[in-house]
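**Student:** Here you go, structure.txt (compact mmCIF, C-alpha atoms):
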# COMPACT_ATOMS: atom_id res chain seq x y z
CA MET A 1 -54.75 -32.03 55.51
CA PRO A 2 -51.21 -30.67 55.21
CA ALA A 3 -48.34 -33.04 54.46
CA ARG A 4 -46.85 -32.25 57.86
CA ASP A 5 -49.83 -33.68 59.76
CA ILE A 6 -49.95 -36.84 57.68
CA ILE A 7 -46.23 -37.55 57.91
CA SER A 8 -46.18 -36.99 61.67
CA THR A 9 -48.56 -39.91 62.20
CA HIS A 10 -46.40 -42.40 60.31
CA PRO A 11 -45.40 -45.38 62.52
CA ASP A 12 -41.71 -44.91 61.70
CA VAL A 13 -41.79 -41.15 62.29
CA ARG A 14 -43.79 -40.88 65.52
CA GLY A 15 -43.94 -37.12 65.68
CA SER A 16 -40.29 -36.49 64.82
CA VAL A 17 -40.85 -34.82 61.47
CA SER A 18 -38.14 -33.40 59.25
CA GLU A 19 -39.27 -29.88 58.47
CA ALA A 20 -37.05 -29.84 55.38
CA LEU A 21 -38.72 -32.99 54.06
CA VAL A 22 -42.21 -31.68 54.70
CA ARG A 23 -41.43 -28.42 52.92
CA CYS A 24 -39.90 -30.39 50.07
CA ILE A 25 -43.06 -32.48 49.68
CA ASP A 26 -45.27 -29.39 49.70
CA GLU A 27 -43.06 -27.69 47.10
CA CYS A 28 -43.05 -30.74 44.81
CA TYR A 29 -46.84 -30.92 44.73
CA ALA A 30 -47.16 -27.14 44.34
CA CYS A 31 -44.65 -27.21 41.48
CA ALA A 32 -46.47 -30.08 39.77
CA GLN A 33 -49.66 -28.02 39.90
CA ALA A 34 -47.93 -24.82 38.77
CA CYS A 35 -46.25 -26.56 35.82
CA THR A 36 -49.53 -28.16 34.75
CA ALA A 37 -51.33 -24.82 34.90
CA CYS A 38 -48.47 -22.99 33.21
CA ALA A 39 -48.32 -25.45 30.30
CA ASP A 40 -52.03 -24.89 29.86
CA ALA A 41 -51.65 -21.09 30.02
CA CYS A 42 -48.88 -21.24 27.39
CA LEU A 43 -51.24 -23.18 25.15
CA ALA A 44 -53.90 -20.48 25.53
CA GLU A 45 -51.52 -17.64 24.58
CA ASP A 46 -51.71 -16.03 21.12
CA MET A 47 -47.94 -16.47 20.92
CA VAL A 48 -48.14 -20.23 21.58
CA GLN A 49 -45.84 -20.81 18.57
CA GLN A 50 -43.04 -19.09 20.52
CA LEU A 51 -43.82 -20.99 23.72
CA LYS A 52 -43.48 -24.57 22.51
CA GLN A 53 -40.26 -25.32 24.37
CA CYS A 54 -41.63 -23.68 27.52
CA THR A 55 -44.85 -25.69 27.25
CA ARG A 56 -42.99 -28.94 26.77
CA LEU A 57 -40.69 -28.25 29.73
CA ASN A 58 -43.67 -27.42 31.90
CA LEU A 59 -45.28 -30.75 31.05
CA ASP A 60 -42.01 -32.53 31.82
CA GLY A 61 -41.70 -30.55 35.04
CA ALA A 62 -45.21 -31.53 36.12
CA ASP A 63 -44.39 -35.23 35.64
CA VAL A 64 -41.03 -35.05 37.41
CA CYS A 65 -42.32 -33.02 40.38
CA ALA A 66 -45.41 -35.19 40.85
CA ALA A 67 -43.25 -38.34 40.92
CA THR A 68 -40.78 -36.73 43.33
CA GLY A 69 -43.53 -35.54 45.66
CA ALA A 70 -44.87 -39.09 45.87
CA LEU A 71 -41.41 -40.58 46.52
CA ALA A 72 -40.69 -38.01 49.22
CA SER A 73 -44.04 -38.81 50.88
CA ARG A 74 -43.03 -42.43 51.55
CA ARG A 75 -41.27 -43.12 54.87
CA THR A 76 -41.54 -46.91 54.93
CA GLY A 77 -38.24 -48.54 54.11
CA SER A 78 -35.79 -46.22 52.37
CA ASN A 79 -34.94 -44.92 48.95
CA GLU A 80 -32.72 -41.92 49.73
CA PRO A 81 -30.29 -42.11 46.76
CA ILE A 82 -33.15 -42.15 44.27
CA LEU A 83 -34.99 -39.37 46.08
CA GLY A 84 -31.84 -37.25 46.12
CA GLN A 85 -31.38 -37.65 42.38
CA MET A 86 -35.03 -36.90 41.69
CA LEU A 87 -34.76 -33.66 43.66
CA GLN A 88 -31.73 -32.65 41.59
CA ILE A 89 -33.74 -33.31 38.43
CA CYS A 90 -36.61 -31.16 39.76
CA ALA A 91 -34.12 -28.33 40.24
CA ALA A 92 -32.66 -28.84 36.76
CA VAL A 93 -36.08 -28.75 35.08
CA CYS A 94 -37.00 -25.54 36.91
CA CYS A 95 -33.68 -24.06 35.80
CA PHE A 96 -34.34 -25.02 32.15
CA LEU A 97 -37.83 -23.59 32.45
CA ARG A 98 -36.51 -20.23 33.59
CA ALA A 99 -34.14 -20.14 30.61
CA SER A 100 -36.90 -21.04 28.14
CA ALA A 101 -39.07 -17.98 28.78
CA PRO A 102 -38.96 -15.84 25.63
CA GLN A 103 -38.67 -12.56 27.51
CA PRO A 104 -38.65 -11.72 31.21
CA GLU A 105 -42.01 -9.93 31.22
CA ARG A 106 -43.66 -13.04 29.75
CA ARG A 107 -41.95 -15.33 32.20
CA CYS A 108 -44.50 -17.70 33.58
CA PRO A 109 -45.33 -17.46 37.28
CA ALA A 110 -44.07 -21.00 37.93
CA GLN A 111 -40.56 -19.66 37.33
CA MET B 1 -46.74 -20.55 44.17
CA PRO B 2 -50.37 -21.17 45.10
CA ALA B 3 -52.81 -22.44 42.46
CA ARG B 4 -54.77 -19.19 42.79
CA ASP B 5 -51.87 -17.05 41.56
CA ILE B 6 -51.10 -19.31 38.61
CA ILE B 7 -54.71 -19.59 37.47
CA SER B 8 -55.26 -15.82 37.69
CA THR B 9 -52.59 -15.20 35.02
CA HIS B 10 -54.22 -17.53 32.47
CA PRO B 11 -55.07 -15.67 29.22
CA ASP B 12 -58.68 -16.90 29.34
CA VAL B 13 -59.14 -16.04 33.02
CA ARG B 14 -57.56 -12.58 33.25
CA GLY B 15 -57.92 -12.12 36.96
CA SER B 16 -61.48 -13.42 37.25
CA VAL B 17 -60.77 -16.54 39.24
CA SER B 18 -63.35 -19.01 40.50
CA GLU B 19 -62.60 -19.40 44.19
CA ALA B 20 -64.43 -22.73 44.22
CA LEU B 21 -62.24 -24.04 41.40
CA VAL B 22 -59.03 -22.89 43.07
CA ARG B 23 -60.01 -24.51 46.34
CA CYS B 24 -60.95 -27.67 44.44
CA ILE B 25 -57.52 -27.80 42.78
CA ASP B 26 -55.72 -27.29 46.10
CA GLU B 27 -57.81 -30.02 47.73
CA CYS B 28 -57.18 -32.49 44.90
CA TYR B 29 -53.40 -32.12 45.17
CA ALA B 30 -53.53 -32.19 48.98
CA CYS B 31 -55.67 -35.34 48.86
CA ALA B 32 -53.30 -37.00 46.38
CA GLN B 33 -50.44 -36.34 48.77
CA ALA B 34 -52.41 -37.45 51.83
CA CYS B 35 -53.51 -40.70 50.17
CA THR B 36 -49.94 -41.45 49.05
CA ALA B 37 -48.61 -40.85 52.56
CA CYS B 38 -51.46 -42.76 54.17
CA ALA B 39 -50.97 -45.82 51.97
CA ASP B 40 -47.32 -45.74 53.00
CA ALA B 41 -48.21 -45.37 56.69
CA CYS B 42 -50.61 -48.34 56.44
CA LEU B 43 -47.78 -50.39 54.98
CA ALA B 44 -45.55 -49.50 57.94
CA GLU B 45 -48.13 -50.54 60.54
CA ASP B 46 -47.74 -53.83 62.46
CA MET B 47 -51.38 -54.53 61.59
CA VAL B 48 -50.79 -54.11 57.84
CA GLN B 49 -52.63 -57.42 57.24
CA GLN B 50 -55.84 -55.73 58.46
CA LEU B 51 -55.20 -52.60 56.41
CA LYS B 52 -54.94 -54.09 52.93
CA GLN B 53 -58.23 -52.70 51.64
CA CYS B 54 -57.46 -49.31 53.17
CA THR B 55 -54.00 -49.30 51.57
CA ARG B 56 -55.37 -50.21 48.18
CA LEU B 57 -58.07 -47.55 48.35
CA ASN B 58 -55.48 -44.96 49.36
CA LEU B 59 -53.38 -45.83 46.30
CA ASP B 60 -56.45 -45.59 44.09
CA GLY B 61 -57.39 -42.31 45.75
CA ALA B 62 -53.94 -40.88 45.09
CA ASP B 63 -54.23 -41.71 41.38
CA VAL B 64 -57.76 -40.37 41.02
CA CYS B 65 -57.11 -37.13 42.94
CA ALA B 66 -53.84 -36.42 41.09
CA ALA B 67 -55.57 -36.84 37.73
CA THR B 68 -58.49 -34.66 38.83
CA GLY B 69 -56.19 -31.92 40.14
CA ALA B 70 -54.46 -31.80 36.76
CA LEU B 71 -57.75 -31.69 34.82
CA ALA B 72 -59.09 -28.93 37.07
CA SER B 73 -55.90 -26.91 36.52
CA ARG B 74 -56.52 -26.63 32.77
CA ARG B 75 -58.55 -23.61 31.61
CA THR B 76 -57.81 -23.77 27.87
CA GLY B 77 -60.77 -25.14 25.94
CA SER B 78 -63.27 -26.99 28.11
CA ASN B 79 -63.88 -30.40 29.58
CA GLU B 80 -66.53 -29.70 32.23
CA PRO B 81 -68.56 -32.94 32.00
CA ILE B 82 -65.43 -35.04 32.51
CA LEU B 83 -64.17 -32.85 35.33
CA GLY B 84 -67.56 -33.05 37.05
CA GLN B 85 -67.52 -36.84 36.91
CA MET B 86 -63.94 -37.02 38.14
CA LEU B 87 -64.84 -34.88 41.14
CA GLN B 88 -67.71 -37.24 41.97
CA ILE B 89 -65.28 -40.16 41.82
CA CYS B 90 -62.89 -38.34 44.16
CA ALA B 91 -65.74 -37.98 46.63
CA ALA B 92 -66.71 -41.64 46.25
CA VAL B 93 -63.15 -42.87 46.87
CA CYS B 94 -62.88 -40.73 50.00
CA CYS B 95 -66.20 -42.16 51.17
CA PHE B 96 -65.00 -45.74 50.61
CA LEU B 97 -61.77 -44.90 52.41
CA ARG B 98 -63.65 -43.71 55.47
CA ALA B 99 -65.65 -46.93 55.53
CA SER B 100 -62.54 -49.10 55.17
CA ALA B 101 -60.88 -48.00 58.42
CA PRO B 102 -60.92 -51.01 60.77
CA GLN B 103 -61.87 -48.93 63.79
CA PRO B 104 -62.39 -45.21 64.34
CA GLU B 105 -59.32 -44.70 66.53
CA ARG B 106 -57.13 -46.20 63.78
CA ARG B 107 -58.77 -44.09 61.11
CA CYS B 108 -56.09 -42.59 58.96
CA PRO B 109 -55.72 -38.82 58.99
CA ALA B 110 -56.55 -38.58 55.27
CA GLN B 111 -60.13 -39.47 56.20
CA MET C 1 -52.00 -47.89 19.05
CA PRO C 2 -48.32 -48.67 19.64
CA ALA C 3 -45.91 -45.86 20.61
CA ARG C 4 -44.05 -46.39 17.33
CA ASP C 5 -47.05 -45.43 15.20
CA ILE C 6 -47.85 -42.35 17.23
CA ILE C 7 -44.27 -41.07 17.30
CA SER C 8 -43.83 -41.58 13.57
CA THR C 9 -46.61 -39.06 12.81
CA HIS C 10 -45.01 -36.27 14.87
CA PRO C 11 -44.33 -33.18 12.73
CA ASP C 12 -40.69 -33.05 13.84
CA VAL C 13 -40.14 -36.78 13.26
CA ARG C 14 -41.80 -37.34 9.88
CA GLY C 15 -41.31 -41.07 9.71
CA SER C 16 -37.72 -41.12 10.90
CA VAL C 17 -38.27 -42.89 14.20
CA SER C 18 -35.56 -43.86 16.66
CA GLU C 19 -36.20 -47.52 17.37
CA ALA C 20 -34.24 -47.23 20.62
CA LEU C 21 -36.48 -44.39 21.78
CA VAL C 22 -39.66 -46.23 20.87
CA ARG C 23 -38.52 -49.32 22.73
CA CYS C 24 -37.55 -47.18 25.68
CA ILE C 25 -41.04 -45.61 25.80
CA ASP C 26 -42.72 -49.02 25.62
CA GLU C 27 -40.48 -50.36 28.40
CA CYS C 28 -41.15 -47.36 30.66
CA TYR C 29 -44.91 -47.78 30.44
CA ALA C 30 -44.66 -51.56 30.82
CA CYS C 31 -42.42 -51.12 33.87
CA ALA C 32 -44.81 -48.59 35.41
CA GLN C 33 -47.61 -51.12 35.04
CA ALA C 34 -45.51 -54.02 36.33
CA CYS C 35 -44.36 -52.06 39.39
CA THR C 36 -47.94 -51.00 40.18
CA ALA C 37 -49.17 -54.58 39.90
CA CYS C 38 -46.19 -55.94 41.83
CA ALA C 39 -46.66 -53.51 44.74
CA ASP C 40 -50.28 -54.66 44.87
CA ALA C 41 -49.28 -58.35 44.76
CA CYS C 42 -46.79 -57.78 47.62
CA LEU C 43 -49.60 -56.25 49.65
CA ALA C 44 -51.75 -59.33 49.07
CA GLU C 45 -49.05 -61.76 50.24
CA ASP C 46 -49.26 -63.40 53.67
CA MET C 47 -45.63 -62.36 54.18
CA VAL C 48 -46.38 -58.68 53.48
CA GLN C 49 -44.45 -57.76 56.66
CA GLN C 50 -41.25 -59.00 54.95
CA LEU C 51 -42.08 -57.25 51.69
CA LYS C 52 -42.39 -53.66 52.91
CA GLN C 53 -39.19 -52.41 51.30
CA CYS C 54 -40.03 -54.22 48.06
CA THR C 55 -43.54 -52.75 48.04
CA ARG C 56 -42.26 -49.24 48.66
CA LEU C 57 -39.65 -49.54 45.91
CA ASN C 58 -42.27 -50.83 43.50
CA LEU C 59 -44.45 -47.79 44.20
CA ASP C 60 -41.46 -45.51 43.68
CA GLY C 61 -40.58 -47.40 40.51
CA ALA C 62 -44.09 -46.97 39.15
CA ASP C 63 -43.91 -43.20 39.67
CA VAL C 64 -40.43 -42.83 38.18
CA CYS C 65 -41.14 -45.03 35.13
CA ALA C 66 -44.48 -43.36 34.39
CA ALA C 67 -42.86 -39.92 34.47
CA THR C 68 -39.98 -41.10 32.29
CA GLY C 69 -42.31 -42.70 29.74
CA ALA C 70 -44.17 -39.39 29.41
CA LEU C 71 -40.95 -37.37 29.03
CA ALA C 72 -39.63 -39.78 26.41
CA SER C 73 -42.90 -39.51 24.47
CA ARG C 74 -42.42 -35.77 23.87
CA ARG C 75 -40.54 -34.79 20.71
CA THR C 76 -41.40 -31.07 20.60
CA GLY C 77 -38.46 -28.97 21.68
CA SER C 78 -35.82 -30.88 23.62
CA ASN C 79 -35.06 -32.06 27.11
CA GLU C 80 -32.35 -34.67 26.54
CA PRO C 81 -30.23 -34.11 29.68
CA ILE C 82 -33.26 -34.54 31.93
CA LEU C 83 -34.48 -37.57 30.01
CA GLY C 84 -31.03 -39.16 30.23
CA GLN C 85 -30.95 -38.71 33.99
CA MET C 86 -34.48 -40.03 34.40
CA LEU C 87 -33.54 -43.18 32.47
CA GLN C 88 -30.57 -43.71 34.79
CA ILE C 89 -32.90 -43.40 37.77
CA CYS C 90 -35.28 -45.96 36.22
CA ALA C 91 -32.35 -48.36 35.96
CA ALA C 92 -31.27 -47.65 39.55
CA VAL C 93 -34.75 -48.30 40.95
CA CYS C 94 -35.00 -51.59 39.06
CA CYS C 95 -31.60 -52.55 40.46
CA PHE C 96 -32.69 -51.73 44.03
CA LEU C 97 -35.88 -53.69 43.45
CA ARG C 98 -33.92 -56.78 42.45
CA ALA C 99 -31.82 -56.51 45.61
CA SER C 100 -34.88 -56.06 47.85
CA ALA C 101 -36.48 -59.43 47.08
CA PRO C 102 -36.25 -61.52 50.29
CA GLN C 103 -35.27 -64.67 48.45
CA PRO C 104 -34.85 -65.51 44.78
CA GLU C 105 -37.87 -67.80 44.54
CA ARG C 106 -40.08 -65.00 45.86
CA ARG C 107 -38.60 -62.48 43.48
CA CYS C 108 -41.41 -60.55 41.88
CA PRO C 109 -41.90 -60.90 38.13
CA ALA C 110 -41.18 -57.21 37.56
CA GLN C 111 -37.58 -57.96 38.43
CA MET D 1 -43.21 -58.05 31.12
CA PRO D 2 -46.80 -58.00 29.87
CA ALA D 3 -49.62 -57.13 32.29
CA ARG D 4 -51.02 -60.63 31.84
CA ASP D 5 -47.92 -62.31 33.31
CA ILE D 6 -47.76 -59.97 36.28
CA ILE D 7 -51.45 -60.26 37.12
CA SER D 8 -51.40 -64.07 36.87
CA THR D 9 -48.89 -64.28 39.76
CA HIS D 10 -51.06 -62.25 42.16
CA PRO D 11 -51.85 -64.24 45.34
CA ASP D 12 -55.59 -63.60 44.92
CA VAL D 13 -55.61 -64.50 41.23
CA ARG D 14 -53.46 -67.65 41.11
CA GLY D 15 -53.47 -68.14 37.40
CA SER D 16 -57.16 -67.43 36.83
CA VAL D 17 -56.79 -64.22 34.88
CA SER D 18 -59.63 -62.19 33.40
CA GLU D 19 -58.62 -61.67 29.78
CA ALA D 20 -60.95 -58.67 29.58
CA LEU D 21 -59.24 -57.06 32.55
CA VAL D 22 -55.76 -57.67 31.16
CA ARG D 23 -56.73 -56.19 27.83
CA CYS D 24 -58.30 -53.25 29.60
CA ILE D 25 -55.06 -52.57 31.53
CA ASP D 26 -52.97 -52.78 28.37
CA GLU D 27 -55.32 -50.40 26.55
CA CYS D 28 -55.32 -47.88 29.41
CA TYR D 29 -51.53 -47.64 29.45
CA ALA D 30 -51.35 -47.56 25.65
CA CYS D 31 -53.96 -44.80 25.56
CA ALA D 32 -52.10 -42.80 28.22
CA GLN D 33 -48.98 -42.97 26.06
CA ALA D 34 -50.85 -42.17 22.86
CA CYS D 35 -52.58 -39.15 24.40
CA THR D 36 -49.28 -37.84 25.80
CA ALA D 37 -47.58 -38.21 22.43
CA CYS D 38 -50.57 -36.77 20.56
CA ALA D 39 -50.75 -33.67 22.79
CA ASP D 40 -47.06 -33.17 22.06
CA ALA D 41 -47.56 -33.65 18.31
CA CYS D 42 -50.42 -31.10 18.33
CA LEU D 43 -48.08 -28.63 20.01
CA ALA D 44 -45.51 -29.14 17.25
CA GLU D 45 -47.99 -28.50 14.44
CA ASP D 46 -47.99 -25.18 12.54
CA MET D 47 -51.74 -25.08 13.11
CA VAL D 48 -51.40 -25.41 16.89
CA GLN D 49 -53.80 -22.46 17.32
CA GLN D 50 -56.57 -24.63 15.85
CA LEU D 51 -55.61 -27.63 17.97
CA LYS D 52 -55.88 -26.14 21.45
CA GLN D 53 -59.01 -28.04 22.47
CA CYS D 54 -57.59 -31.27 21.03
CA THR D 55 -54.31 -30.73 22.91
CA ARG D 56 -56.09 -30.06 26.18
CA LEU D 57 -58.30 -33.13 25.81
CA ASN D 58 -55.26 -35.27 25.04
CA LEU D 59 -53.58 -34.09 28.23
CA ASP D 60 -56.75 -34.83 30.20
CA GLY D 61 -57.02 -38.21 28.48
CA ALA D 62 -53.45 -39.08 29.44
CA ASP D 63 -54.15 -38.33 33.10
CA VAL D 64 -57.46 -40.21 33.19
CA CYS D 65 -56.14 -43.29 31.35
CA ALA D 66 -52.96 -43.49 33.45
CA ALA D 67 -55.00 -43.38 36.67
CA THR D 68 -57.44 -45.98 35.35
CA GLY D 69 -54.64 -48.32 34.24
CA ALA D 70 -53.19 -48.18 37.75
CA LEU D 71 -56.57 -48.82 39.42
CA ALA D 72 -57.27 -51.75 37.09
CA SER D 73 -53.85 -53.23 37.90
CA ARG D 74 -54.71 -53.63 41.60
CA ARG D 75 -56.33 -56.92 42.61
CA THR D 76 -55.94 -56.68 46.39
CA GLY D 77 -59.22 -55.83 48.06
CA SER D 78 -61.80 -54.38 45.69
CA ASN D 79 -62.81 -51.11 44.15
CA GLU D 80 -65.09 -52.20 41.29
CA PRO D 81 -67.63 -49.32 41.34
CA ILE D 82 -64.85 -46.74 41.09
CA LEU D 83 -63.03 -48.69 38.38
CA GLY D 84 -66.26 -49.01 36.39
CA GLN D 85 -66.84 -45.27 36.52
CA MET D 86 -63.24 -44.51 35.58
CA LEU D 87 -63.54 -46.75 32.53
CA GLN D 88 -66.67 -44.88 31.46
CA ILE D 89 -64.76 -41.61 31.78
CA CYS D 90 -61.92 -43.01 29.65
CA ALA D 91 -64.48 -43.81 26.95
CA ALA D 92 -66.05 -40.34 27.23
CA VAL D 93 -62.69 -38.58 26.89
CA CYS D 94 -61.83 -40.62 23.81
CA CYS D 95 -65.21 -39.73 22.36
CA PHE D 96 -64.66 -36.01 23.00
CA LEU D 97 -61.20 -36.31 21.47
CA ARG D 98 -62.61 -37.75 18.28
CA ALA D 99 -65.09 -34.89 18.03
CA SER D 100 -62.40 -32.26 18.64
CA ALA D 101 -60.32 -33.05 15.55
CA PRO D 102 -60.65 -30.06 13.20
CA GLN D 103 -61.02 -32.22 10.11
CA PRO D 104 -60.91 -35.98 9.55
CA GLU D 105 -57.62 -35.98 7.64
CA ARG D 106 -55.96 -34.18 10.56
CA ARG D 107 -57.46 -36.55 13.08
CA CYS D 108 -54.75 -37.63 15.47
CA PRO D 109 -53.74 -41.28 15.48
CA ALA D 110 -54.85 -41.70 19.11
CA GLN D 111 -58.42 -41.40 17.85
Go through the file and emit its structure as structure tokens.

**Tutor:**
Amino acid sequence: MPARDIISTHPDVRGSVSEALVRCIDECYACAQACTACADACLAEDMVQQLKQCTRLNLDGADVCAATGALASRRTGSNEPILGQMLQICAAVCCFLRASAPQPERRCPAQ
Amino acid sequence: MPARDIISTHPDVRGSVSEALVRCIDECYACAQACTACADACLAEDMVQQLKQCTRLNLDGADVCAATGALASRRTGSNEPILGQMLQICAAVCCFLRASAPQPERRCPAQ
Amino acid sequence: MPARDIISTHPDVRGSVSEALVRCIDECYACAQACTACADACLAEDMVQQLKQCTRLNLDGADVCAATGALASRRTGSNEPILGQMLQICAAVCCFLRASAPQPERRCPAQ
Amino acid sequence: MPARDIISTHPDVRGSVSEALVRCIDECYACAQACTACADACLAEDMVQQLKQCTRLNLDGADVCAATGALASRRTGSNEPILGQMLQICAAVCCFLRASAPQPERRCPAQ
């Protein structure tokens, strides 16, 4: 079931769903999966020695995005300042990841 | 980026993607999100006292499905027996969750 | 095996372990566990209705601390700016948690 | 704060703590940290090409042990069959990890 449908049934939301929030949740989970798969693909490459920083950043990215997706999924009470900072960190990790690719044609799909 | 596109670029996969595996990965991450959101929605309900078991199972389900989605995303080396058992546990948690809903009309959307 | 022993065998560390880092890793994992257990204890309380914000923050804290503990455990390559920001967020969540306790005598042990 | 102290304050536990459960929780979190650090140490090794299976199993082990530690930390309601199966999977992953070390003197400390 998509995040949108789940969030819309929350007692404090009652059908008034923030489309930006829902898209954000979907992107966090998708990025967590992509980073996990990309770290694993780096590990399988013959040139893994040159992909160590990229692999490490992907693992970090998977952890940060998974945590952020969970935080963003909670609508009970509030935790906006923390969520805002976590989203900035997600963006920063993705930015670092892009810079860590050894050459553009080997850039991993998560970037 | 969808799991399918990431997995298809893996050095050991080279375009030959298992559709069942890709769907499994997508469902694991979607279920982790749904369980996280559903636990939070239970907590927001006036009848939270009657939803304690459901809330707890949703939190467990989120943990189990997130771990399984990560395991299923790795194609380097192999870990099939563990992945198979984790998938069975995902199914068992979802089954318990369905049984824990106090009444059908209050059944959470994750079920 | 304690974090200290594992970190000290890392090829890039070679016995020269930062005691501050090791303590930080231990505290992140301990805080993730404490927040998980405390969210669950809130849920079990008769006064769960008054503990919704505290429960939610504990769940957020568990996610943030678990991610930070994993980031801090990685010594290959570098990711210091992200790790620094994650540690600040850990501190902020713990601070929010302290403020969310309804009364001091009900303050959860994680605080 | 140690898991023991947190668990002992749970409304449904009230001081009667299972020492086996507390030790189990501590070991799950310690193993999650050790597997995360060990995967990272494998990645830093010159012989990373020979450590791919070990690295992958460590990443899987970290996910499985972190999920199990969280499940074991919850005392509200019950989920014993799932927890029992998760603990068996933790043991199986550790067993696979031991077998994946290329030679005993390179065996990672997590094993």

**Student:** So the first atom is CA of Gln33 (chain D) and the second is CA of Ala44 (chain C); what is the distance between them in Å, to one decimal place?

**Tutor:** 28.4 Å

**Student:** Which is closest to Cys94 (chain B) among B:Gly61, B:Gly15, B:Gly77, B:Gly69, if we use all atoms listed in the file?

**Tutor:** B:Gly61

**Student:** Within 8 Å of chain C, which residues of chain D are there when counting all atoms listed in the file? Please give them as a PyMOL selection string.

**Tutor:** chain D and resi 1-3+5-7+9-12+29-31+33-34+36-38+40-41+43-45+69-70+73-76+109-110

**Student:** What does the structure give for the distance between CA of Val93 (chain B) and CA of Asn79 (chain A), in Å to one decimal?

**Tutor:** 28.4 Å

**Student:** I'd like the box whose edges run along x, y and z of the file and which contains every listed atom of region 11-25 of chain D, padded by 5 Å per side; could you state its centre and edge lengths in Å, one decimal, as JSON?

**Tutor:**
{"center_x": -56.4, "center_y": -60.4, "center_z": 36.6, "size_x": 19.1, "size_y": 25.6, "size_z": 27.5}

**Student:** Mind giving me the straight-line distance from CA of Ala67 (chain C) to CA of Asp63 (chain A) in Å, one decimal?

**Tutor:**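 Distance between the two atoms: 5.1 Å.
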
**Student:** Atoms are missing here; could region 68-81 of chain A be completed with N, CA and C atoms and written as an mmCIF file, in the coordinates of the input?

**Tutor:**
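Result file follows (result09.cif):
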data_model
loop_
_atom_site.group_PDB
_atom_site.id
_atom_site.type_symbol
_atom_site.label_atom_id
_atom_site.label_comp_id
_atom_site.auth_asym_id
_atom_site.auth_seq_id
_atom_site.Cartn_x
_atom_site.Cartn_y
_atom_site.Cartn_z
ATOM 1 N N THR A 68 -41.672 -37.000 42.192
ATOM 2 C CA THR A 68 -40.780 -36.730 43.330
ATOM 3 C C THR A 68 -41.569 -36.477 44.610
ATOM 4 N N GLY A 69 -42.682 -35.771 44.496
ATOM 5 C CA GLY A 69 -43.530 -35.540 45.660
ATOM 6 C C GLY A 69 -44.040 -36.842 46.254
ATOM 7 N N ALA A 70 -44.388 -37.793 45.384
ATOM 8 C CA ALA A 70 -44.870 -39.090 45.870
ATOM 9 C C ALA A 70 -43.732 -39.865 46.546
ATOM 10 N N LEU A 71 -42.555 -39.888 45.912
ATOM 11 C CA LEU A 71 -41.410 -40.580 46.520
ATOM 12 C C LEU A 71 -41.081 -40.003 47.892
ATOM 13 N N ALA A 72 -41.069 -38.675 47.959
ATOM 14 C CA ALA A 72 -40.690 -38.010 49.220
ATOM 15 C C ALA A 72 -41.731 -38.253 50.310
ATOM 16 N N SER A 73 -42.974 -38.583 49.905
ATOM 17 C CA SER A 73 -44.040 -38.810 50.880
ATOM 18 C C SER A 73 -43.944 -40.173 51.550
ATOM 19 N N ARG A 74 -43.134 -41.069 50.997
ATOM 20 C CA ARG A 74 -43.030 -42.430 51.550
ATOM 21 C C ARG A 74 -41.904 -42.512 52.584
ATOM 22 N N ARG A 75 -42.252 -43.014 53.779
ATOM 23 C CA ARG A 75 -41.270 -43.120 54.870
ATOM 24 C C ARG A 75 -41.013 -44.564 55.253
ATOM 25 N N THR A 76 -41.766 -45.493 54.668
ATOM 26 C CA THR A 76 -41.540 -46.910 54.930
ATOM 27 C C THR A 76 -40.324 -47.354 54.141
ATOM 28 N N GLY A 77 -39.461 -48.137 54.789
ATOM 29 C CA GLY A 77 -38.240 -48.540 54.110
ATOM 30 C C GLY A 77 -37.413 -47.310 53.767
ATOM 31 N N SER A 78 -36.575 -47.400 52.742
ATOM 32 C CA SER A 78 -35.790 -46.220 52.370
ATOM 33 C C SER A 78 -35.447 -46.254 50.890
ATOM 34 N N ASN A 79 -35.247 -45.085 50.374
ATOM 35 C CA ASN A 79 -34.940 -44.920 48.950
ATOM 36 C C ASN A 79 -34.208 -43.596 48.752
ATOM 37 N N GLU A 80 -33.343 -43.245 49.724
ATOM 38 C CA GLU A 80 -32.720 -41.920 49.730
ATOM 39 C C GLU A 80 -31.916 -41.587 48.461
ATOM 40 N N PRO A 81 -31.079 -42.500 47.949
ATOM 41 C CA PRO A 81 -30.290 -42.110 46.760
ATOM 42 C C PRO A 81 -31.171 -41.707 45.584
#
